[in-house]
$ cat target_38.txt   # compact mmCIF, C-alpha atoms and all ligand atoms
# COMPACT_ATOMS: atom_id res chain seq x y z
CA MET A 12 -11.24 9.74 -17.23
CA THR A 13 -12.78 8.10 -14.16
CA PRO A 14 -10.13 7.65 -11.45
CA ALA A 15 -9.45 4.09 -10.25
CA VAL A 16 -9.82 5.39 -6.68
CA HIS A 17 -11.55 8.63 -5.72
CA LEU A 18 -11.95 9.72 -2.11
CA VAL A 19 -13.82 12.86 -1.08
CA GLY A 20 -13.94 13.88 2.58
CA ALA A 21 -12.84 10.38 3.60
CA THR A 22 -12.92 10.02 7.38
CA VAL A 23 -11.77 7.07 9.49
CA ALA A 24 -12.18 6.56 13.24
CA ARG A 25 -10.27 4.14 15.51
CA SER A 26 -11.83 3.27 18.87
CA GLY A 27 -14.27 6.14 18.48
CA ARG A 28 -11.57 8.75 17.74
CA VAL A 29 -11.31 10.31 14.27
CA VAL A 30 -7.77 9.67 12.99
CA VAL A 31 -8.26 10.48 9.27
CA HIS A 32 -10.07 13.77 8.67
CA GLY A 33 -11.77 14.51 5.36
CA VAL A 34 -9.11 13.30 2.92
CA ASP A 35 -9.62 14.05 -0.77
CA LEU A 36 -7.61 12.19 -3.39
CA ALA A 37 -7.95 10.85 -6.93
CA ILE A 38 -5.71 8.08 -8.26
CA ALA A 39 -5.56 7.38 -11.99
CA GLY A 40 -5.72 3.77 -13.17
CA GLY A 41 -2.30 2.38 -14.12
CA SER A 42 -0.36 4.57 -11.71
CA TRP A 43 1.61 4.23 -8.46
CA PHE A 44 0.39 6.41 -5.57
CA GLY A 45 2.68 6.96 -2.58
CA LEU A 46 1.36 7.93 0.85
CA ILE A 47 3.84 9.36 3.33
CA GLY A 48 3.59 10.84 6.81
CA ALA A 49 4.94 10.60 10.33
CA ASN A 50 4.29 7.58 12.54
CA GLY A 51 0.68 7.75 13.68
CA SER A 52 -0.39 10.20 10.96
CA GLY A 53 -3.17 7.89 9.71
CA LYS A 54 -1.66 6.11 6.67
CA THR A 55 -2.51 2.57 7.75
CA SER A 56 -5.98 3.59 8.92
CA LEU A 57 -6.73 5.21 5.55
CA LEU A 58 -5.35 2.28 3.54
CA ARG A 59 -7.17 -0.32 5.65
CA ALA A 60 -10.44 1.56 5.17
CA LEU A 61 -9.89 1.82 1.43
CA ALA A 62 -9.29 -1.95 1.28
CA GLY A 63 -12.42 -2.70 3.32
CA ARG A 64 -10.52 -3.77 6.45
CA LEU A 65 -11.99 -0.85 8.42
CA PRO A 66 -15.22 1.13 7.94
CA PHE A 67 -15.21 4.72 6.77
CA ALA A 68 -16.83 7.08 9.26
CA GLY A 69 -17.79 9.51 6.50
CA GLY A 70 -17.13 10.86 3.03
CA SER A 71 -17.19 9.19 -0.35
CA CYS A 72 -15.05 6.32 -1.69
CA ARG A 73 -15.42 5.47 -5.36
CA VAL A 74 -13.56 2.55 -6.95
CA ASN A 75 -13.65 2.76 -10.75
CA GLY A 76 -16.66 5.05 -10.42
CA ASP A 77 -18.70 2.87 -8.03
CA GLU A 78 -19.62 4.40 -4.66
CA LEU A 79 -18.50 1.89 -2.02
CA VAL A 80 -18.11 4.03 1.11
CA THR A 81 -20.73 2.08 3.06
CA ASP A 82 -19.86 -1.30 1.50
CA ARG A 83 -16.75 -2.69 3.21
CA ALA A 84 -17.20 -6.14 1.69
CA ALA A 85 -17.25 -4.77 -1.86
CA ARG A 86 -14.10 -2.74 -1.16
CA ALA A 87 -12.37 -5.83 0.23
CA LEU A 88 -13.26 -7.73 -2.97
CA ARG A 89 -12.14 -4.96 -5.33
CA VAL A 90 -9.03 -3.69 -3.52
CA SER A 91 -6.33 -6.18 -2.60
CA PHE A 92 -4.37 -5.62 0.61
CA ALA A 93 -1.26 -7.39 1.86
CA PRO A 94 -1.79 -8.89 5.31
CA PRO A 95 0.61 -7.54 7.96
CA ALA A 96 3.64 -9.85 7.64
CA ASP A 97 3.82 -10.45 11.40
CA LYS A 98 0.18 -11.60 11.48
CA LEU A 99 0.62 -14.48 9.00
CA PRO A 100 -0.16 -17.77 10.77
CA ASP A 101 2.92 -19.74 11.83
CA ALA A 102 1.19 -23.07 11.18
CA LEU A 103 0.75 -22.51 7.41
CA ARG A 104 3.22 -22.71 4.54
CA ALA A 105 3.57 -19.93 1.97
CA ARG A 106 1.74 -22.07 -0.60
CA ASP A 107 -1.23 -22.45 1.81
CA VAL A 108 -1.52 -18.68 2.25
CA LEU A 109 -1.34 -18.08 -1.50
CA GLU A 110 -3.97 -20.78 -2.16
CA LEU A 111 -6.29 -19.30 0.47
CA VAL A 112 -6.15 -15.96 -1.33
CA GLY A 113 -5.86 -16.97 -4.98
CA GLY A 114 -6.97 -20.60 -5.41
CA ALA A 115 -4.87 -23.45 -6.86
CA ILE A 116 -1.15 -22.75 -6.57
CA ASP A 117 -0.42 -23.29 -10.28
CA GLY A 118 -2.89 -20.54 -11.17
CA VAL A 119 -1.42 -18.25 -8.53
CA ARG A 120 2.14 -18.89 -9.73
CA SER A 121 1.25 -18.06 -13.31
CA ARG A 122 -0.49 -14.87 -12.12
CA ILE A 123 2.55 -13.70 -10.17
CA ALA A 124 5.29 -15.21 -12.36
CA ASP A 125 6.84 -11.76 -12.91
CA LEU A 126 7.21 -11.24 -9.13
CA GLU A 127 8.40 -14.74 -8.28
CA ALA A 128 12.11 -14.10 -8.81
CA ALA A 129 12.04 -10.69 -7.09
CA LEU A 130 10.38 -12.26 -4.04
CA GLY A 131 12.45 -15.48 -4.11
CA LEU A 132 9.17 -17.34 -3.87
CA ALA A 133 10.22 -20.73 -5.24
CA GLU A 134 12.37 -21.34 -2.14
CA LEU A 135 9.62 -20.16 0.22
CA LEU A 136 6.59 -22.08 -1.01
CA ASP A 137 7.05 -25.14 1.21
CA ARG A 138 8.51 -23.38 4.22
CA TRP A 139 6.40 -23.08 7.38
CA ILE A 140 5.72 -19.44 8.15
CA GLY A 141 6.77 -20.13 11.75
CA ASP A 142 10.25 -20.88 10.37
CA CYS A 143 10.47 -17.71 8.24
CA SER A 144 12.49 -14.58 8.94
CA ALA A 145 10.76 -11.17 8.99
CA GLY A 146 11.86 -10.47 5.40
CA MET A 147 10.61 -13.88 4.23
CA ARG A 148 7.22 -13.22 5.83
CA GLN A 149 7.09 -9.86 4.10
CA ARG A 150 7.80 -11.52 0.72
CA ILE A 151 4.92 -13.95 1.31
CA ALA A 152 2.57 -11.14 2.39
CA ILE A 153 3.36 -9.15 -0.75
CA ALA A 154 2.94 -12.19 -3.01
CA SER A 155 -0.47 -12.82 -1.43
CA ALA A 156 -1.60 -9.28 -2.31
CA PHE A 157 -1.04 -10.11 -5.98
CA ALA A 158 -2.27 -13.72 -5.83
CA GLY A 159 -5.89 -12.89 -6.68
CA GLY A 160 -5.04 -10.88 -9.81
CA HIS A 161 -6.61 -7.62 -8.59
CA ALA A 162 -6.29 -4.44 -10.66
CA VAL A 163 -6.01 -2.27 -7.52
CA VAL A 164 -3.44 -3.32 -4.90
CA VAL A 165 -2.70 -1.60 -1.58
CA LEU A 166 0.60 -2.30 0.21
CA ASP A 167 1.42 -0.82 3.61
CA GLU A 168 5.18 -0.19 3.74
CA PRO A 169 6.03 -3.09 1.40
CA PHE A 170 9.81 -2.61 1.55
CA ASN A 171 10.10 -3.07 5.33
CA TRP A 172 12.45 -5.94 6.24
CA LEU A 173 13.45 -6.66 2.63
CA ASP A 174 17.12 -6.83 1.70
CA PRO A 175 18.50 -4.29 -0.81
CA VAL A 176 18.37 -6.69 -3.77
CA ALA A 177 14.77 -7.65 -3.05
CA ILE A 178 13.83 -3.96 -2.68
CA PHE A 179 15.42 -3.12 -6.02
CA ASP A 180 13.91 -6.07 -7.88
CA LEU A 181 10.44 -5.71 -6.35
CA ARG A 182 10.35 -1.98 -7.11
CA GLN A 183 11.25 -2.68 -10.76
CA ALA A 184 8.74 -5.53 -11.08
CA MET A 185 5.94 -3.43 -9.57
CA ARG A 186 6.82 -0.48 -11.78
CA THR A 187 6.53 -2.76 -14.82
CA ARG A 188 3.11 -3.91 -13.58
CA VAL A 189 2.00 -0.30 -13.19
CA HIS A 190 3.02 0.34 -16.82
CA GLY A 191 0.83 -2.64 -17.68
CA GLY A 192 -2.23 -1.12 -15.98
CA LEU A 193 -1.95 -1.96 -12.25
CA THR A 194 -3.09 0.73 -9.82
CA LEU A 195 -0.69 0.48 -6.88
CA ILE A 196 -1.15 2.38 -3.62
CA THR A 197 1.62 2.17 -1.04
CA ALA A 198 2.40 3.75 2.30
CA LEU A 199 6.11 4.54 2.30
CA HIS A 200 8.71 5.90 4.68
CA ASP A 201 11.36 5.91 1.94
CA LEU A 202 11.38 9.26 0.16
CA GLY A 203 13.74 7.92 -2.55
CA THR A 204 11.13 5.42 -3.71
CA LEU A 205 8.46 8.10 -3.59
CA ALA A 206 10.59 10.42 -5.73
CA THR A 207 11.76 7.87 -8.26
CA ALA A 208 9.01 5.26 -8.56
CA CYS A 209 5.66 6.88 -7.69
CA ASP A 210 3.54 8.88 -10.14
CA THR A 211 1.53 10.84 -7.56
CA GLY A 212 1.02 10.87 -3.82
CA LEU A 213 0.34 12.84 -0.72
CA MET A 214 1.60 13.53 2.77
CA LEU A 215 -0.66 13.06 5.77
CA ALA A 216 -0.11 14.94 9.02
CA ASP A 217 -2.43 14.31 11.97
CA GLY A 218 -4.85 12.56 9.63
CA LYS A 219 -5.13 15.54 7.26
CA VAL A 220 -3.62 16.18 3.83
CA ALA A 221 -0.45 18.22 4.44
CA MET A 222 0.92 18.14 0.89
CA THR A 223 -0.36 16.89 -2.44
CA LEU A 224 2.24 15.44 -4.76
CA ASP A 225 1.07 15.71 -8.34
CA GLU A 226 2.79 14.21 -11.36
CA GLN A 227 4.77 17.34 -12.13
CA ARG A 228 6.06 17.62 -8.57
CA LEU A 229 7.16 13.99 -8.42
CA LYS A 230 8.79 14.21 -11.85
CA ALA A 231 10.86 17.12 -10.55
CA ALA A 232 11.57 15.10 -7.39
CA GLY A 233 12.83 12.23 -9.55
CA HIS A 234 15.30 14.60 -11.22
CA ASP A 235 16.59 15.90 -7.90
CA PRO A 236 15.73 13.39 -5.14
CA GLN A 237 18.09 15.04 -2.65
CA ALA A 238 16.41 18.44 -2.87
CA PHE A 239 13.02 16.73 -2.62
CA GLU A 240 14.15 14.82 0.47
CA ILE A 241 15.33 18.00 2.21
CA GLN A 242 12.09 19.90 1.43
CA THR A 243 9.92 16.97 2.51
CA ILE A 244 11.82 16.37 5.74
CA ASP A 245 11.50 20.08 6.58
CA LEU A 246 7.76 19.90 6.04
CA LEU A 247 7.44 16.66 8.02
CA ARG A 248 9.43 18.21 10.90
CA SER A 249 7.29 21.36 10.89
CA ARG A 250 4.07 19.31 10.90
CA THR A 251 5.15 17.06 13.74
CA ALA A 252 6.91 19.69 15.89
N1 LIG B 1 -6.07 -0.56 16.62
C1 LIG B 1 -6.14 0.72 16.97
N2 LIG B 1 -7.00 1.14 17.91
C2 LIG B 1 -7.08 2.44 18.28
N3 LIG B 1 -6.33 3.42 17.73
C3 LIG B 1 -5.45 3.06 16.79
C4 LIG B 1 -5.30 1.70 16.35
N4 LIG B 1 -4.35 1.66 15.41
C5 LIG B 1 -3.93 2.92 15.25
N5 LIG B 1 -4.58 3.76 16.06
C6 LIG B 1 -4.38 5.21 16.18
O1 LIG B 1 -4.72 5.79 14.93
C7 LIG B 1 -3.83 6.86 14.62
C8 LIG B 1 -3.26 6.61 13.22
O2 LIG B 1 -2.52 5.41 13.27
P1 LIG B 1 -2.05 4.70 11.92
O3 LIG B 1 -1.59 3.33 12.30
O4 LIG B 1 -3.12 4.83 10.91
O5 LIG B 1 -0.82 5.64 11.51
P2 LIG B 1 0.35 5.40 10.47
O6 LIG B 1 0.52 6.70 9.74
O7 LIG B 1 0.08 4.21 9.63
O8 LIG B 1 1.58 5.15 11.43
P3 LIG B 1 2.97 4.33 11.21
O9 LIG B 1 3.81 5.12 10.26
O10 LIG B 1 3.52 4.32 12.60
O11 LIG B 1 2.62 2.95 10.72
C9 LIG B 1 -2.79 6.91 15.73
O12 LIG B 1 -3.15 7.95 16.60
C10 LIG B 1 -2.92 5.58 16.43
O13 LIG B 1 -2.68 5.71 17.82
$ encode --input "target_38.txt" --output "structure tokens" --more "lines below"
Ligand SMILES: Nc1ncnc2c1ncn2[C@@H]1O[C@H](COP(=O)(O)OP(=O)(O)OP(=O)(O)O)[C@@H](O)[C@H]1O
Amino acid sequence: MTPAVHLVGATVARSGRVVVHGVDLAIAGGSWFGLIGANGSGKTSLLRALAGRLPFAGGSCRVNGDELVTDRAARALRVSFAPPADKLPDALRARDVLELVGGAIDGVRSRIADLEAALGLAELLDRWIGDCSAGMRQRIAIASAFAGGHAVVVLDEPFNWLDPVAIFDLRQAMRTRVHGGLTLITALHDLGTLATACDTGLMLADGKVAMTLDEQRLKAAGHDPQAFEIQTIDLLRSRTA
């Protein structure tokens, strides 16, 4: 079956320096892919390029079979990406942001009804972003990634700043969406979520693939998250030493 996302030799440069070197990965439709790695290992650069927010410097990037490596605009249309929560404009309300991304608010709310409770959105809609806490901004940023009804959604560390209840509820709601066909790609620093919620993934180190996490490996990780955490931390330490 054609992967929802297929990268071959994907390369990304920042300020003229290559920071993602020839990454290969294939993500099945209707699955949750987790990207892990040390600070500065290239996760955000790779995800921003996939979502058309940065150019690729080389390689191939297919989305549902279509080659889009040189077409940033097409990637941005096909792959939704949550804006960085701290970059949301203070002078807008949550409902303005959601309408900018997804059109009339009633349509957006029906599209994200299953996430509304997890994100506590009803209480946020009319709040000015300038008056929001970091966790509230993160809730709005995540809601906006789903507002357009995309089938492929990229979230860069979505659980940052969220309280434990929101993390639990959002993880469950996103898992249910993945069962329903969503392809979800997230950078994560939380190995527990990787082990228990993701279907596949990989570890980046210095912009290169350091470990591929296939379905079998993550299933085993889900059965013994502690052992997985120890092995993964050891590998992360050895790759950043
Ligand atoms: N705007 C930028 N301009 C130039 N270089 C950048 C920029 N943003 C990131 N980089 C560099 O690109 C490399 C990869 O950074 P990136 O943000 O992709 O890593 P990351 O794995 O997402 O890190 P973190 O876990 O800290 O978010 C780093 O060496 C970083 O210094």
$ atom_distance --input "target_38.txt" --atom1 "CA of Leu57 (chain A)" --atom2 "CA of Asp77 (chain A)"
18.3 Å
$ residues_around --input "target_38.txt" --residues "Asp167 (chain A)" --least-positions-apart "6" --cutoff "12 Å" --atoms "only C-alpha atoms" --output "PyMOL selection string"
chain A and resi 44-47+53-59+61-62+91-96+149+152-153+156+195-200
$ write_last_selection --input "target_38.txt" --atoms "C-alpha atoms" --output "mmCIF file, in the coordinates of the input"
data_model
loop_
_atom_site.group_PDB
_atom_site.id
_atom_site.type_symbol
_atom_site.label_atom_id
_atom_site.label_comp_id
_atom_site.auth_asym_id
_atom_site.auth_seq_id
_atom_site.Cartn_x
_atom_site.Cartn_y
_atom_site.Cartn_z
ATOM 1 C CA PHE A 44 0.390 6.410 -5.570
ATOM 2 C CA GLY A 45 2.680 6.960 -2.580
ATOM 3 C CA LEU A 46 1.360 7.930 0.850
ATOM 4 C CA ILE A 47 3.840 9.360 3.330
ATOM 5 C CA GLY A 53 -3.170 7.890 9.710
ATOM 6 C CA LYS A 54 -1.660 6.110 6.670
ATOM 7 C CA THR A 55 -2.510 2.570 7.750
ATOM 8 C CA SER A 56 -5.980 3.590 8.920
ATOM 9 C CA LEU A 57 -6.730 5.210 5.550
ATOM 10 C CA LEU A 58 -5.350 2.280 3.540
ATOM 11 C CA ARG A 59 -7.170 -0.320 5.650
ATOM 12 C CA LEU A 61 -9.890 1.820 1.430
ATOM 13 C CA ALA A 62 -9.290 -1.950 1.280
ATOM 14 C CA SER A 91 -6.330 -6.180 -2.600
ATOM 15 C CA PHE A 92 -4.370 -5.620 0.610
ATOM 16 C CA ALA A 93 -1.260 -7.390 1.860
ATOM 17 C CA PRO A 94 -1.790 -8.890 5.310
ATOM 18 C CA PRO A 95 0.610 -7.540 7.960
ATOM 19 C CA ALA A 96 3.640 -9.850 7.640
ATOM 20 C CA GLN A 149 7.090 -9.860 4.100
ATOM 21 C CA ALA A 152 2.570 -11.140 2.390
ATOM 22 C CA ILE A 153 3.360 -9.150 -0.750
ATOM 23 C CA ALA A 156 -1.600 -9.280 -2.310
ATOM 24 C CA LEU A 195 -0.690 0.480 -6.880
ATOM 25 C CA ILE A 196 -1.150 2.380 -3.620
ATOM 26 C CA THR A 197 1.620 2.170 -1.040
ATOM 27 C CA ALA A 198 2.400 3.750 2.300
ATOM 28 C CA LEU A 199 6.110 4.540 2.300
ATOM 29 C CA HIS A 200 8.710 5.900 4.680
#
$ residues_around --input "target_38.txt" --residues "Asn171 (chain A)" --least-positions-apart "3" --cutoff "9 Å" --atoms "only C-alpha atoms" --output "ChimeraX atom specification"
/A:145-146,149,168,174,178
$ closest_residue --input "target_38.txt" --among "A:Val34, A:Met214, A:Val112, A:Ala208" --to "ligand LIG 1 (chain B)" --atoms "all atoms listed in the file"
A:Met214
$ residues_around --input "target_38.txt" --residues "Ala206 (chain A)" --least-positions-apart "3" --cutoff "12 Å" --atoms "all atoms listed in the file" --output "ChimeraX atom specification"
/A:43-47,199-203,209-213,224-243
$ decode --input "target_38.txt" --residues "region 193-214 of chain A" --atoms "N, CA and C atoms" --output "PDB file, in the first residue's frame"
ATOM      1  N   LEU A 193      -6.659   9.049  10.564  1.00  0.00           N
ATOM      2  CA  LEU A 193      -5.694  10.162  10.595  1.00  0.00           C
ATOM      3  C   LEU A 193      -4.254   9.633  10.553  1.00  0.00           C
ATOM      4  N   THR A 194      -3.407  10.320   9.790  1.00  0.00           N
ATOM      5  CA  THR A 194      -1.969  10.068   9.867  1.00  0.00           C
ATOM      6  C   THR A 194      -1.376  11.199  10.712  1.00  0.00           C
ATOM      7  N   LEU A 195      -0.822  10.827  11.852  1.00  0.00           N
ATOM      8  CA  LEU A 195      -0.339  11.807  12.822  1.00  0.00           C
ATOM      9  C   LEU A 195       1.174  11.640  12.976  1.00  0.00           C
ATOM     10  N   ILE A 196       1.882  12.754  12.875  1.00  0.00           N
ATOM     11  CA  ILE A 196       3.347  12.722  12.967  1.00  0.00           C
ATOM     12  C   ILE A 196       3.739  13.723  14.048  1.00  0.00           C
ATOM     13  N   THR A 197       4.392  13.241  15.096  1.00  0.00           N
ATOM     14  CA  THR A 197       4.701  14.139  16.212  1.00  0.00           C
ATOM     15  C   THR A 197       6.170  13.998  16.603  1.00  0.00           C
ATOM     16  N   ALA A 198       6.801  15.147  16.876  1.00  0.00           N
ATOM     17  CA  ALA A 198       8.072  15.110  17.600  1.00  0.00           C
ATOM     18  C   ALA A 198       7.725  14.987  19.072  1.00  0.00           C
ATOM     19  N   LEU A 199       8.482  14.173  19.784  1.00  0.00           N
ATOM     20  CA  LEU A 199       8.180  13.906  21.196  1.00  0.00           C
ATOM     21  C   LEU A 199       9.470  13.880  21.996  1.00  0.00           C
ATOM     22  N   HIS A 200       9.397  14.342  23.246  1.00  0.00           N
ATOM     23  CA  HIS A 200      10.497  14.084  24.169  1.00  0.00           C
ATOM     24  C   HIS A 200      10.076  13.059  25.222  1.00  0.00           C
ATOM     25  N   ASP A 201       8.789  12.662  25.173  1.00  0.00           N
ATOM     26  CA  ASP A 201       8.242  11.776  26.196  1.00  0.00           C
ATOM     27  C   ASP A 201       8.240  10.329  25.665  1.00  0.00           C
ATOM     28  N   LEU A 202       9.158   9.528  26.214  1.00  0.00           N
ATOM     29  CA  LEU A 202       9.304   8.164  25.704  1.00  0.00           C
ATOM     30  C   LEU A 202       8.092   7.295  26.060  1.00  0.00           C
ATOM     31  N   GLY A 203       7.377   7.652  27.130  1.00  0.00           N
ATOM     32  CA  GLY A 203       6.170   6.904  27.513  1.00  0.00           C
ATOM     33  C   GLY A 203       5.109   7.003  26.430  1.00  0.00           C
ATOM     34  N   THR A 204       4.911   8.203  25.902  1.00  0.00           N
ATOM     35  CA  THR A 204       3.920   8.362  24.825  1.00  0.00           C
ATOM     36  C   THR A 204       4.380   7.611  23.587  1.00  0.00           C
ATOM     37  N   LEU A 205       5.673   7.707  23.295  1.00  0.00           N
ATOM     38  CA  LEU A 205       6.192   6.980  22.128  1.00  0.00           C
ATOM     39  C   LEU A 205       5.906   5.485  22.275  1.00  0.00           C
ATOM     40  N   ALA A 206       6.173   4.948  23.468  1.00  0.00           N
ATOM     41  CA  ALA A 206       6.023   3.498  23.677  1.00  0.00           C
ATOM     42  C   ALA A 206       4.568   3.061  23.687  1.00  0.00           C
ATOM     43  N   THR A 207       3.684   3.900  24.181  1.00  0.00           N
ATOM     44  CA  THR A 207       2.317   3.422  24.410  1.00  0.00           C
ATOM     45  C   THR A 207       1.298   3.939  23.391  1.00  0.00           C
ATOM     46  N   ALA A 208       1.635   5.015  22.671  1.00  0.00           N
ATOM     47  CA  ALA A 208       0.622   5.576  21.764  1.00  0.00           C
ATOM     48  C   ALA A 208       1.034   5.538  20.294  1.00  0.00           C
ATOM     49  N   CYS A 209       2.330   5.510  20.001  1.00  0.00           N
ATOM     50  CA  CYS A 209       2.771   5.571  18.602  1.00  0.00           C
ATOM     51  C   CYS A 209       2.808   4.180  17.979  1.00  0.00           C
ATOM     52  N   ASP A 210       2.594   4.129  16.665  1.00  0.00           N
ATOM     53  CA  ASP A 210       2.670   2.850  15.938  1.00  0.00           C
ATOM     54  C   ASP A 210       4.080   2.587  15.433  1.00  0.00           C
ATOM     55  N   THR A 211       4.722   3.644  14.923  1.00  0.00           N
ATOM     56  CA  THR A 211       6.101   3.523  14.429  1.00  0.00           C
ATOM     57  C   THR A 211       6.822   4.840  14.719  1.00  0.00           C
ATOM     58  N   GLY A 212       8.118   4.853  14.469  1.00  0.00           N
ATOM     59  CA  GLY A 212       8.837   6.109  14.698  1.00  0.00           C
ATOM     60  C   GLY A 212      10.299   5.959  14.379  1.00  0.00           C
ATOM     61  N   LEU A 213      11.044   7.011  14.697  1.00  0.00           N
ATOM     62  CA  LEU A 213      12.492   6.904  14.584  1.00  0.00           C
ATOM     63  C   LEU A 213      13.181   7.907  15.495  1.00  0.00           C
ATOM     64  N   MET A 214      14.462   7.623  15.728  1.00  0.00           N
ATOM     65  CA  MET A 214      15.293   8.535  16.509  1.00  0.00           C
ATOM     66  C   MET A 214      16.271   9.210  15.564  1.00  0.00           C
TER      67      MET A 214
END
